[in-house]
Amino acid sequence: MAAAMTLSWNLQGHRGQQRDVRVELVRALSVVCLLFGSSSPSFCGLIVVVFLAPDLQLPHPAYVPMAQKLEGSLLKTYKQDDDPNKMFLAYKVCMTSEGRPWVSSVVRKTRLQIAQDPSLNYEYTPVMGMKSFIQASLNLLFGKNSQVIVENRAGGVQTVGDSGAFQLGAQFLKTWCQNSQIVYIVSSQKEPHGLIFQDMGFTVYEHTFWDSAHLCLDPNMLLDVVEHAPHGCVFVIGSIGNCRLTSSQWTQLMTLMKSKEIFPFFDIPYQGLSTGDLEEDAIFLHYFVSQGFEFFCSQSLSKNFGIYDEGVGTLVVVALNNQLLLRVLSQLTNFARALWLNPPTTGARIITSVLCNPAMQGEWRQSLEGVVENIMMTKEKVKEKLRLLGTPGSWDHITEQKGSHSYLGLNSQQVEYLISKKHIYIPKNGRINFTCINSYNIDYITASINEAVCFTKDSEK
């Protein structure tokens, strides 16, 4: 009954006026309680609905459609496969050589220290989040002595989950930028962010800059999307570090965005796990700061620390000055209060402890470098094994891509062959997680790729 009372239904008044059902329910509830005594709220509420509006149709659970399963059909099919050799190469998290989710060693030690610290206060955190965590996150993203930090025009709100920053940012843009209701999402894969903007009423267009014909990430495809984007739209850009823009292309990109008053919304889901260099992975933000852009940035810190179940991050705000920054942050805090009220602290405490301790941060940086080195080594091995097998085509594109998730360069027919014949599950676009490949399965995987490529080549003749 409580849920019914929050909905904005209206009832027809005796004189034809429209009356808010919440007001009528409260009034009638008082009458019923006086007549029948202190009955339970749910019982009185039921009487009120029948008494006031016998024809009122409440939504029945049977009428609510099933939501689309976010897990995806690929993982579901994999789980239902009984083949002992089945493999799933599309996990979101970094995997170890033993096939388990990677966790930085410094995180394990820090987690134990926090659990054993008797001085910690487990009171609710402020709505905006832990100040020390937000400041440490900003320093990691821009550098402690960066222009935007020194001028005090960068701030943030602690968010929940990998998509919390987009949920919060989209709510702000929907409310305060009503002329910008078109969103372009440009990334190397289909992102879940589109669903968030779409559910809030934005018109969403998703684009990729992977050129499947030439097996590369093409900066010109990115520039072409910006050139044709409408004036004043929101532009979500993810994985742009993998798209190697020249200095002139960077200039062209920012000139186009500024002339069209396009609002950038960046996505940095795993800083440090692309090149192994934390500063290098976020350097493109400095270009936009130097050109006077205001922007949002979703900064997820779950993957690069290996605390995937914590889902901790920041919605970073860069404004033209401190006064504007404070205004935006105050509105974002209001939205955060409605969305999750108080963000959890465990993940934020772990990350803050590591980033604020030079020795621990150094150890963490080394662990990131080790992960990236293993990824590149795996890619080199895959490319070399395909060469030794005589697999048709060039496979240089595998090692030219950065990060754990990269394209194999297979077409849809070859992907379907791997799934149906070899029980190797990869997305339709052929973008896999290379940390899922290890010494135990690399021979089977490369032999299967070779078989798939050769089979499709033969079938084309």
# chains A, B, ... in the order shown; residues from 1 in each chain; ligands from 1

$ select_by_dssp --residues "region 178-282 of chain A" --states "strand (DSSP E or B)" --output "number ranges by chain"
A: 182-186, 203-207, 210-211, 216-217, 234-238, 263-268

$ write_last_selection --atoms "C-alpha atoms" --output "PDB file, in the first residue's frame"
ATOM      1  CA  ILE A 182      20.810  13.685 -27.859  1.00  0.00           C
ATOM      2  CA  VAL A 183      23.648  11.426 -26.738  1.00  0.00           C
ATOM      3  CA  TYR A 184      26.391   9.999 -28.928  1.00  0.00           C
ATOM      4  CA  ILE A 185      28.323   7.098 -27.430  1.00  0.00           C
ATOM      5  CA  VAL A 186      31.613   6.414 -29.167  1.00  0.00           C
ATOM      6  CA  THR A 203      17.907   9.857 -27.970  1.00  0.00           C
ATOM      7  CA  VAL A 204      20.994   7.623 -28.098  1.00  0.00           C
ATOM      8  CA  TYR A 205      23.303   6.833 -31.015  1.00  0.00           C
ATOM      9  CA  GLU A 206      26.151   4.356 -30.541  1.00  0.00           C
ATOM     10  CA  HIS A 207      29.217   4.278 -32.774  1.00  0.00           C
ATOM     11  CA  TRP A 210      36.939  -0.284 -35.011  1.00  0.00           C
ATOM     12  CA  ASP A 211      37.529  -0.717 -38.758  1.00  0.00           C
ATOM     13  CA  CYS A 216      42.449  -1.270 -36.730  1.00  0.00           C
ATOM     14  CA  LEU A 217      40.980   1.479 -34.584  1.00  0.00           C
ATOM     15  CA  VAL A 234      26.322  14.988 -25.196  1.00  0.00           C
ATOM     16  CA  PHE A 235      29.329  13.004 -26.377  1.00  0.00           C
ATOM     17  CA  VAL A 236      30.300   9.908 -24.363  1.00  0.00           C
ATOM     18  CA  ILE A 237      33.826   8.797 -25.236  1.00  0.00           C
ATOM     19  CA  GLY A 238      35.330   5.560 -23.956  1.00  0.00           C
ATOM     20  CA  PHE A 263      29.510  18.355 -23.951  1.00  0.00           C
ATOM     21  CA  PRO A 264      32.118  15.578 -23.367  1.00  0.00           C
ATOM     22  CA  PHE A 265      31.366  12.738 -20.945  1.00  0.00           C
ATOM     23  CA  PHE A 266      34.487  10.566 -20.666  1.00  0.00           C
ATOM     24  CA  ASP A 267      34.727   6.990 -19.450  1.00  0.00           C
ATOM     25  CA  ILE A 268      37.903   5.730 -17.758  1.00  0.00           C
TER      26      ILE A 268
END

$ residues_around --residues "region 145-162 of chain A" --least-positions-apart "5" --cutoff "6 Å" --atoms "only C-alpha atoms" --output "list of chain:residue names"
A:Met128, A:Gly129, A:Ser300, A:Gly311, A:Val312, A:Gly313, A:Thr314, A:Leu315, A:Val316, A:Val317, A:Val318, A:Ala319, A:Asn321, A:Asn322, A:Leu325

$ select_by_dssp --residues "region 334-397 of chain A" --states "alpha helix (DSSP H)" --output "count of residues only"
49

$ closest_atom_pairs --of "region 249-348 of chain A" --to "region 226-229 of chain A" --cutoff "9 Å" --atoms "only C-alpha atoms" --output "Markdown table"
| residue | atom | partner | partner_atom | distance |
| --- | --- | --- | --- | --- |
| A:Leu253 | CA | A:Val226 | CA | 7.4 |
| A:Leu256 | CA | A:Glu227 | CA | 6.7 |
| A:Met257 | CA | A:Val226 | CA | 7.0 |
| A:Lys260 | CA | A:Ala229 | CA | 8.4 |
| A:Ile262 | CA | A:Ala229 | CA | 8.6 |

$ write_last_selection --atoms "C-alpha atoms" --output "CSV table (one decimal), in the first residue's frame"
chain,number,residue,atom,x,y,z
A,253,LEU,CA,38.6,16.8,-32.6
A,256,LEU,CA,34.9,20.5,-33.8
A,257,MET,CA,33.5,19.8,-30.3
A,260,LYS,CA,29.4,22.7,-31.9
A,262,ILE,CA,29.4,19.4,-27.6

$ atom_distance --atom1 "CA of Met87 (chain A)" --atom2 "CA of Val103 (chain A)"
21.4 Å

$ closest_residue --among "A:Ile442, A:Leu410, A:Ile398, A:Val453" --to "Lys428 (chain A)" --atoms "only C-alpha atoms"
A:Leu410

$ residues_around --residues "Ile350 (chain A)" --least-positions-apart "3" --cutoff "9 Å" --atoms "only C-alpha atoms" --output "PyMOL selection string"
chain A and resi 107+110-111+114+345-347+353-355

$ residues_around --residues "Gly169 (chain A)" --least-positions-apart "2" --cutoff "9 Å" --atoms "only C-alpha atoms" --output "VMD selection string"
chain A and resid 164 to 167 171 to 174 265 296 to 298 315 332
